[in-house]
Amino acid sequence: MNRGTKDLGQAAVPVGALSTLPQIMREFGHDPWELLESFGITQDSFAHPLRPLPMRVNGRILEAAGAATGCDHLGLLLGQRATLDNTGPLRFLVLNAHSVRDAVDALLRFSPIWYPGLTAGLTVEDDYAALTLSIDRVFPGSEQILTAFLVANVKILEMVLGRTWRPTTVHIAHREPASTTPYRRFFRATVLFDQPRHEVWFPKELLVHERAGADQKLERFLYDHLVELQGRDQPDLVVQVRKTIQNLLATGSCSVENVAALFGIHRYTLHRHLARHGITFEALLDETRRDVARHLLTDTELPMADIAHLLGYSNQGNFTRAFKRWHHQSPGRWRKQQGGEATASPR
């Protein structure tokens, strides 16, 4: 059974998934904020932990943090410190599930509300079951992201089955690191690297294990609430295209051809669909650039040249001309005004 999302246009994870990275980097003797702020992540960013962060940006951050600290198992460390705090009511549904199977099914069905960039599944073969994780496209840092979420899911199963539970076998879909000790110490199980997928295997008989103390009325209430939330969370085409543009801008590969390809259609077909909604791709791109520019100017201290690059402009001059068209003033002047207002408003 496989559940999850294939919509790459929404390939993002909550920024809160990185909330423990600063402490981890400090433990390796490295100041985290210069690195994080270069990606637009400030300490204030974690005040809104559910804000989506493009998965590719998340991967680039982990790659850079690993290079800075010399740690090749940052994903493992992030996963060990993960909680269900970034999943809203899903945490309470999992902890009140009637059986292990119900808890796993809830994770598979509702995690995409907050983690739409990941595909999760449950495989049952012979006497064993496997919880699997994958990402549709490989990119720098994707291996560490998968490891972090695999470890986090093991911790969730610990919550359901008890802290003494351990998996039978763990598969990691990247090359064996210089030291496997941290992996074996955490999983306390056979860990195999260079595997086709990230997987956690355990006896399938555990799936029918009923949990003592589960509140079935609360479970039903939370389940119905998440079904309703999931239904409301399905965006229309314009919202999906807008999110896709925002994600691709951060990767430097935003074009109508690439956006259309992620939806599995030709660019002319995408133009026709958008026309039915009374908007063009060019207008959506312009609006998204405007909104992202305001966010970067207000919430980060990135240089103008870097902002221009993140927005997909070939040079700073093109960005400045676009911003003047949006706001009738230069981005530098606009940033100063926002800073002044932020300083004055508490008074």
# chains A, B, ... in the order shown; residues from 1 in each chain; ligands from 1
>>> closest_atom_pairs(of="stretch 13-38 of chain A", to="stretch 300-311 of chain A", cutoff="12 Å", atoms="only C-alpha atoms", output="CSV")
residue,atom,partner,partner_atom,distance
A:Trp33,CA,A:Thr300,CA,11.6
A:Glu34,CA,A:Glu301,CA,10.7
A:Leu35,CA,A:Leu302,CA,11.6
A:Leu36,CA,A:Thr300,CA,10.4
A:Glu37,CA,A:Thr300,CA,7.0
A:Ser38,CA,A:Leu302,CA,6.7
>>> residues_around(residues="stretch 194-209 of chain A", least_positions_apart="6", cutoff="8 Å", atoms="only C-alpha atoms", output="PDB file with N, CA and C atoms, in the first residue's frame")
ATOM      1  N   SER A  99      -5.022   0.862  17.377  1.00  0.00           N
ATOM      2  CA  SER A  99      -4.021  -0.173  17.104  1.00  0.00           C
ATOM      3  C   SER A  99      -2.817   0.441  16.413  1.00  0.00           C
ATOM      4  N   VAL A 100      -1.749  -0.337  16.335  1.00  0.00           N
ATOM      5  CA  VAL A 100      -0.556   0.126  15.641  1.00  0.00           C
ATOM      6  C   VAL A 100      -0.876   0.381  14.176  1.00  0.00           C
ATOM      7  N   ARG A 101      -1.679  -0.484  13.566  1.00  0.00           N
ATOM      8  CA  ARG A 101      -2.053  -0.291  12.170  1.00  0.00           C
ATOM      9  C   ARG A 101      -2.800   1.025  11.983  1.00  0.00           C
ATOM     10  N   VAL A 124       3.906  -4.978   3.114  1.00  0.00           N
ATOM     11  CA  VAL A 124       3.812  -6.199   3.922  1.00  0.00           C
ATOM     12  C   VAL A 124       4.248  -7.374   3.058  1.00  0.00           C
ATOM     13  N   ASP A 127       6.256 -12.411   6.700  1.00  0.00           N
ATOM     14  CA  ASP A 127       6.008 -12.163   8.117  1.00  0.00           C
ATOM     15  C   ASP A 127       6.415 -10.760   8.565  1.00  0.00           C
ATOM     16  N   TYR A 128       6.798  -9.906   7.615  1.00  0.00           N
ATOM     17  CA  TYR A 128       7.326  -8.598   7.999  1.00  0.00           C
ATOM     18  C   TYR A 128       6.598  -7.457   7.286  1.00  0.00           C
ATOM     19  N   ALA A 129       6.620  -6.308   7.938  1.00  0.00           N
ATOM     20  CA  ALA A 129       6.075  -5.076   7.368  1.00  0.00           C
ATOM     21  C   ALA A 129       7.196  -4.047   7.306  1.00  0.00           C
ATOM     22  N   ALA A 130       7.098  -3.151   6.330  1.00  0.00           N
ATOM     23  CA  ALA A 130       8.130  -2.119   6.180  1.00  0.00           C
ATOM     24  C   ALA A 130       7.464  -0.768   5.986  1.00  0.00           C
ATOM     25  N   LEU A 131       7.896   0.205   6.763  1.00  0.00           N
ATOM     26  CA  LEU A 131       7.502   1.583   6.567  1.00  0.00           C
ATOM     27  C   LEU A 131       8.550   2.214   5.665  1.00  0.00           C
ATOM     28  N   THR A 132       8.147   2.720   4.505  1.00  0.00           N
ATOM     29  CA  THR A 132       9.105   3.221   3.517  1.00  0.00           C
ATOM     30  C   THR A 132       8.930   4.716   3.303  1.00  0.00           C
ATOM     31  N   LEU A 133      10.018   5.369   2.932  1.00  0.00           N
ATOM     32  CA  LEU A 133      10.011   6.792   2.620  1.00  0.00           C
ATOM     33  C   LEU A 133      10.788   7.021   1.339  1.00  0.00           C
ATOM     34  N   SER A 134      10.310   7.939   0.523  1.00  0.00           N
ATOM     35  CA  SER A 134      11.037   8.280  -0.697  1.00  0.00           C
ATOM     36  C   SER A 134      10.712   9.707  -1.107  1.00  0.00           C
ATOM     37  N   LEU A 146      15.704  12.354   3.926  1.00  0.00           N
ATOM     38  CA  LEU A 146      15.047  11.058   4.083  1.00  0.00           C
ATOM     39  C   LEU A 146      15.482  10.367   5.369  1.00  0.00           C
ATOM     40  N   THR A 147      16.775  10.435   5.667  1.00  0.00           N
ATOM     41  CA  THR A 147      17.263   9.813   6.901  1.00  0.00           C
ATOM     42  C   THR A 147      16.618  10.458   8.120  1.00  0.00           C
ATOM     43  N   LEU A 150      13.057   9.221   8.356  1.00  0.00           N
ATOM     44  CA  LEU A 150      12.998   7.807   8.721  1.00  0.00           C
ATOM     45  C   LEU A 150      13.238   7.644  10.217  1.00  0.00           C
ATOM     46  N   VAL A 154      10.715   6.258  13.249  1.00  0.00           N
ATOM     47  CA  VAL A 154      11.066   5.239  14.242  1.00  0.00           C
ATOM     48  C   VAL A 154      10.722   5.751  15.643  1.00  0.00           C
ATOM     49  N   PRO A 167      13.290  -1.771  15.610  1.00  0.00           N
ATOM     50  CA  PRO A 167      13.032  -2.426  14.322  1.00  0.00           C
ATOM     51  C   PRO A 167      13.895  -3.668  14.148  1.00  0.00           C
ATOM     52  N   THR A 168      13.511  -4.510  13.198  1.00  0.00           N
ATOM     53  CA  THR A 168      14.305  -5.701  12.892  1.00  0.00           C
ATOM     54  C   THR A 168      15.482  -5.349  11.995  1.00  0.00           C
ATOM     55  N   THR A 169      15.181  -4.612  10.925  1.00  0.00           N
ATOM     56  CA  THR A 169      16.208  -4.202   9.970  1.00  0.00           C
ATOM     57  C   THR A 169      15.894  -2.798   9.469  1.00  0.00           C
ATOM     58  N   VAL A 170      16.935  -2.034   9.191  1.00  0.00           N
ATOM     59  CA  VAL A 170      16.780  -0.684   8.649  1.00  0.00           C
ATOM     60  C   VAL A 170      17.566  -0.596   7.349  1.00  0.00           C
ATOM     61  N   HIS A 171      16.922  -0.083   6.305  1.00  0.00           N
ATOM     62  CA  HIS A 171      17.582   0.121   5.020  1.00  0.00           C
ATOM     63  C   HIS A 171      17.784   1.617   4.795  1.00  0.00           C
ATOM     64  N   ILE A 172      18.987   2.005   4.412  1.00  0.00           N
ATOM     65  CA  ILE A 172      19.334   3.395   4.129  1.00  0.00           C
ATOM     66  C   ILE A 172      19.765   3.488   2.669  1.00  0.00           C
ATOM     67  N   ALA A 173      19.141   4.397   1.928  1.00  0.00           N
ATOM     68  CA  ALA A 173      19.393   4.488   0.486  1.00  0.00           C
ATOM     69  C   ALA A 173      20.506   5.477   0.154  1.00  0.00           C
ATOM     70  N   HIS A 174      21.592   5.417   0.877  1.00  0.00           N
ATOM     71  CA  HIS A 174      22.794   6.162   0.465  1.00  0.00           C
ATOM     72  C   HIS A 174      24.016   5.368   0.878  1.00  0.00           C
ATOM     73  N   ARG A 175      25.147   5.794   0.370  1.00  0.00           N
ATOM     74  CA  ARG A 175      26.368   5.018   0.609  1.00  0.00           C
ATOM     75  C   ARG A 175      26.703   4.970   2.092  1.00  0.00           C
ATOM     76  N   GLU A 176      27.433   3.958   2.463  1.00  0.00           N
ATOM     77  CA  GLU A 176      27.806   3.771   3.855  1.00  0.00           C
ATOM     78  C   GLU A 176      28.745   4.893   4.302  1.00  0.00           C
TER      79      GLU A 176
END
>>> select_by_dssp(residues="stretch 77-281 of chain A", states="strand (DSSP E or B)", output="list in words")
Ser99, Thr119, Ala120, Gly121, Leu122, Thr123, Val124, Glu125, Tyr128, Ala129, Ala130, Leu131, Thr132, Leu133, Ser134, Thr169, Val170, His171, Thr190, Val191, Leu192, His198, Glu199, Val200, Trp201, Phe202, Pro203 and Glu210 of chain A
>>> closest_residue(among="A:His277, A:His73, A:Lys155, A:Arg91", to="A:Ser179", atoms="only C-alpha atoms")
A:His73
>>> residues_around(residues="A:Asp215", least_positions_apart="3", cutoff="9 Å", atoms="only C-alpha atoms", output="MDAnalysis selection string")
chainID A and resid 96:98 218:220
>>> atom_distance(atom1="atom CA of A:Trp334", atom2="atom CA of A:Asp286")
17.9 Å
